[in-house]
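**Student:** I am attaching a structure below and will ask some questions about it afterwards.
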Amino acid sequence: MAASTISTADLAEAAERYAAHLALPDPPPDDELWTPQSLTKGAVGIALLHIERALAGCGTWQQAHIWIKNAVAGQISATDNTGLYLGAPAITLMLDAAAGTTGRYRDALADVDGHVAALAHRRAEAAMARIRAGELPEFREYDVFFGLSGIGALLLRRDPGGSAMERILDYLIALSKPLRVDDQVLSGWWVGHDPHRRFSAAYRGGHANLGAAHGIAGPLALLSQAMRRGITVDGHLEAITTICEWLDAWRQDGEAGPWWPEWITLADLRSGRPSQSCPARPSWCYGTPGIARAGQLAGLATGDAHRQQRYEQALVLCLDDPAQQARITDSGLCHGWAGVYQTVWHAAHDARTRAALSTW
């Protein structure tokens with residue numbers, strides 16, 4: 001990989017330039033007052049940069065506090081439209097990172113924790129009601145960005161033994177069970193819209209998404225990480241097994257190794273094969289890296305060494321394929337090299353085949 005030739009000094013210099021460029025916040029436009037609370041587009045994400053620099057000793061807490069204050073300057077949203085990447089959960093993630101082992105922002109964290117727990121209970125109950133009604137979900141119900149998987153990941157860090165965490169896990173167990181819609185038996189995570197959250201004619205009947213960001217790999221990762229920490233509910237193992245078997249069924253074996261389609265449509269389901277003919281971009285959000293990490297975590301959680309090793313091998317083969325690497329064209333976290341790097345770093349830490357992943 002070309003990035004392996006970049007020196008530590010080069011990386012430090014680049015980080016310094018970015019931090020300097022993001023020294024002071026600008027006021028958001030009047031029609032985007034929510035922006036400071038956004039992890040992807042606003043002050044929360046930038047605050048995390050300065051927090052990490054302060055923790056590493058190459059930045060100051062004064063600089064981090066400027067952005068933290070900017071993120072919480074307005075009324076913090078805890079409505080049902082918020083999730084890990086926006087509103088109270090995003091603020092909690094930011095403050096948790098700043099707290100570290102020092103206890104900074106303890107009172108603020110205690111206050112926002114209560115709002116996040118209430119949000120989790122409220123949204124889990126709405127999701128369970130949707131399941132009981134036999135209706136299809138949307139991404140925002142369960143995904144990592146704005147759904148219950150992202151909120152659950154935060155709760156696993158903040159309050160793993162709490163009732164809100166248990167409620168989300170119960171919901172994910174229910175999500176893993178088949179859903180009958182118009183005499184069609186579908187996976188419980190089958191959504192009624194297209195991959196862009198639109199209700200388009202091309203995706204009449206919706207689709208099942210496999211990715212880590214908006215697909216079933218996200219819930220699988222959360223279920224697995226909870227089990228690894230001893231946080232389980234009734235049906236936990238069965239749900240992990242069901243999801244893994246579904247991923248196994250849609251795994252494709254190419255010349256460069258196994259890969260998974262980004263999503264499955266009704267036509268794919270009926271034919272038993274995906275319309276996607278080759279691996280797409282190997283990013284964290286949709287590609288093999290994110291799915292392989294979720295599968296590795298499932299193997300670790302259930303003590304299935306064979307499954308763990310299969311997914312680790314899939315990740316190694318993906319990373320060794322120049323054709324797939326060429327499809328990564330930016331450095332971002334979701335679609336680009338930053339996300340691939342983070343995924344591989346964590347996978348290598350847990351890997352049975354650590355040498356192969358570490359040398360990459």
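Ordering of the structure tokens sets the chain letters (A, B, ...); residue numbers start at 1 within each chain; ligands are numbered from 1 in the order shown.
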Which segment 185-251 of chain A residues have any atom within 9 Å of an atom of segment 286-289 of chain A, and for each, what is the nearest pair of atoms with distance in Å to one decimal, counting only C-alpha atoms, rows sorted by chain and number, as a Markdown table?
**Tutor:**
```
| residue | atom | partner | partner_atom | distance |
| --- | --- | --- | --- | --- |
| A:Asn209 | CA | A:Tyr286 | CA | 8.6 |
| A:Leu210 | CA | A:Tyr286 | CA | 7.1 |
| A:Gly211 | CA | A:Tyr286 | CA | 4.1 |
| A:Ala212 | CA | A:Tyr286 | CA | 5.9 |
| A:Ala213 | CA | A:Tyr286 | CA | 6.7 |
| A:His214 | CA | A:Tyr286 | CA | 8.0 |
| A:Gly215 | CA | A:Tyr286 | CA | 8.0 |
```
**Student:** Just the residues within 10 Å of His65 of chain A, please, counting only C-alpha atoms, with nothing from its chain fewer than 6 positions along; format it as a list in words.
**Tutor:** Ala47, His50, Ile51, Ala71 and Ala98 of chain A
**Student:** May I have the residues from that selection written out with all heavy atoms, as a PDB file, in the first residue's frame?
**Tutor:**
```pdb
ATOM      1  N   ALA A  47     -14.266  19.099  17.429  1.00  0.00           N
ATOM      2  CA  ALA A  47     -13.875  19.036  18.843  1.00  0.00           C
ATOM      3  C   ALA A  47     -13.140  17.738  19.139  1.00  0.00           C
ATOM      4  O   ALA A  47     -12.149  17.725  19.895  1.00  0.00           O
ATOM      5  CB  ALA A  47     -15.105  19.164  19.730  1.00  0.00           C
ATOM      6  N   HIS A  50      -9.477  18.024  18.293  1.00  0.00           N
ATOM      7  CA  HIS A  50      -8.688  18.757  19.281  1.00  0.00           C
ATOM      8  C   HIS A  50      -8.606  18.011  20.610  1.00  0.00           C
ATOM      9  O   HIS A  50      -7.593  18.120  21.324  1.00  0.00           O
ATOM     10  CB  HIS A  50      -9.292  20.149  19.466  1.00  0.00           C
ATOM     11  CG  HIS A  50      -9.140  21.025  18.251  1.00  0.00           C
ATOM     12  ND1 HIS A  50      -7.919  21.488  17.805  1.00  0.00           N
ATOM     13  CD2 HIS A  50     -10.058  21.504  17.366  1.00  0.00           C
ATOM     14  CE1 HIS A  50      -8.080  22.222  16.729  1.00  0.00           C
ATOM     15  NE2 HIS A  50      -9.379  22.248  16.429  1.00  0.00           N
ATOM     16  N   ILE A  51      -9.644  17.251  20.959  1.00  0.00           N
ATOM     17  CA  ILE A  51      -9.591  16.428  22.173  1.00  0.00           C
ATOM     18  C   ILE A  51      -8.499  15.374  22.055  1.00  0.00           C
ATOM     19  O   ILE A  51      -7.689  15.179  22.979  1.00  0.00           O
ATOM     20  CB  ILE A  51     -10.965  15.776  22.435  1.00  0.00           C
ATOM     21  CG1 ILE A  51     -11.975  16.834  22.888  1.00  0.00           C
ATOM     22  CG2 ILE A  51     -10.856  14.659  23.466  1.00  0.00           C
ATOM     23  CD1 ILE A  51     -13.413  16.352  22.840  1.00  0.00           C
ATOM     24  N   ALA A  71     -19.927  23.406  20.371  1.00  0.00           N
ATOM     25  CA  ALA A  71     -20.850  22.298  20.096  1.00  0.00           C
ATOM     26  C   ALA A  71     -22.075  22.329  20.995  1.00  0.00           C
ATOM     27  O   ALA A  71     -23.152  21.879  20.600  1.00  0.00           O
ATOM     28  CB  ALA A  71     -20.113  20.968  20.252  1.00  0.00           C
ATOM     29  N   ALA A  98     -13.491  13.414  25.915  1.00  0.00           N
ATOM     30  CA  ALA A  98     -12.782  14.440  26.680  1.00  0.00           C
ATOM     31  C   ALA A  98     -12.585  14.031  28.132  1.00  0.00           C
ATOM     32  O   ALA A  98     -11.562  14.349  28.742  1.00  0.00           O
ATOM     33  CB  ALA A  98     -13.549  15.756  26.611  1.00  0.00           C
TER      34      ALA A  98
END
```
**Student:** So, with only C-alpha atoms as the atoms that count, which of A:Leu220, A:Ala305, A:Ala174, A:Cys285 lies closest to Ile243 of chain A?
**Tutor:**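 Looking at the shortest contact to Ile243 of chain A, the residue is A:Leu220.
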**Student:** Where does DSSP see helix (DSSP H, G or I) in segment 123-359 of chain A, if you list the residues as a PyMOL selection string?
**Tutor:** chain A and resi 123-132+139-142+148-158+163-175+201-203+217-228+236-250+266-271+288-302+305-319+322-325+337-350+354-359
**Student:** Show which residues sit within 9 Å of segment 76-91 of chain A, as a PyMOL selection string. Count only C-alpha atoms, and ignore same-chain residues fewer than 2 positions away.
**Tutor:** chain A and resi 34-40+44-45+68+71-74+93-96+109+112-113+115-116+118-119+122-123+140+144-154
**Student:** At a cut-off of 7 Å, using only C-alpha atoms, what residues contact Ile328 of chain A? Leave out same-chain residues fewer than 4 positions from it and give the result as a ChimeraX atom specification.
**Tutor:** /A:281-282,336-337
**Student:** So, counting only C-alpha atoms, which residue among A:Ala221, A:Cys58, A:Ile231, A:Ala201 is closest to Arg293 of chain A?
**Tutor:** A:Ala221
**Student:** Quick one: of A:Lys69, A:Ser271, A:Gln342, A:Arg197, who's nearest to Ala108 of chain A, counting only C-alpha atoms?
**Tutor:**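 Checking each of A:Lys69, A:Ser271, A:Gln342, A:Arg197 against Ala108 of chain A, counting only C-alpha atoms, the winner is A:Lys69.
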**Student:** Among the residues of segment 3-185 of chain A, find those DSSP assigns to strand (DSSP E or B) from the backbone and print them as a list of chain:residue names.
**Tutor:**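 Secondary structure check on segment 3-185 of chain A, strand (DSSP E or B): A:Ser38, A:Gly83, A:Leu86, A:Leu179, A:Arg180, A:Val181, A:Gln184, A:Val185.
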**Student:** Skip Leu297 of chain A itself and residues of its chain fewer than 2 positions away, then list as a count of residues only all residues within 12 Å of it, counting only C-alpha atoms.
**Tutor:** 42
**Student:** Could you name the residues that touch Asp330 of chain A at 12 Å or less, counting only C-alpha atoms, but leaving out those on the same chain fewer than 3 positions away, as a PyMOL selection string?
**Tutor:** chain A and resi 281-283+325-327+333-340
**Student:** Convert the current residue selection to file output with C-alpha atoms, as a JSON list (two decimals), in the first residue's frame.
**Tutor:**
```json
[["chain", "number", "residue", "atom", "x", "y", "z"],
["A", 281, "ARG", "CA", -15.35, 0.00, -3.17],
["A", 282, "PRO", "CA", -13.71, -1.74, -0.17],
["A", 283, "SER", "CA", -14.68, 0.94, 2.34],
["A", 325, "GLN", "CA", -7.71, -0.75, -3.54],
["A", 326, "ALA", "CA", -7.94, 1.43, -6.66],
["A", 327, "ARG", "CA", -11.61, 2.06, -5.93],
["A", 333, "LEU", "CA", -13.46, 8.02, 7.37],
["A", 334, "CYS", "CA", -16.59, 6.57, 5.79],
["A", 335, "HIS", "CA", -15.66, 6.06, 2.14],
["A", 336, "GLY", "CA", -11.89, 6.41, 2.23],
["A", 337, "TRP", "CA", -8.55, 5.29, 3.59],
["A", 338, "ALA", "CA", -9.11, 6.59, 7.14],
["A", 339, "GLY", "CA", -12.01, 4.19, 7.61],
["A", 340, "VAL", "CA", -10.07, 1.30, 6.09]]
```
**Student:** Which is closer to Ala120 of chain A than all the others in A:Gln276, A:Gln62, A:Thr241, A:Ser163, using only C-alpha atoms?
**Tutor:**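 Going through A:Gln276, A:Gln62, A:Thr241, A:Ser163 one by one, the smallest distance to Ala120 of chain A is for A:Ser163.
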**Student:** Here is a test: counting only C-alpha atoms, which residue of A:Gly235, A:Gly192, A:Gly206, A:Gly114 is nearest to Asp170 of chain A?
**Tutor:**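 Closest candidate: A:Gly235.
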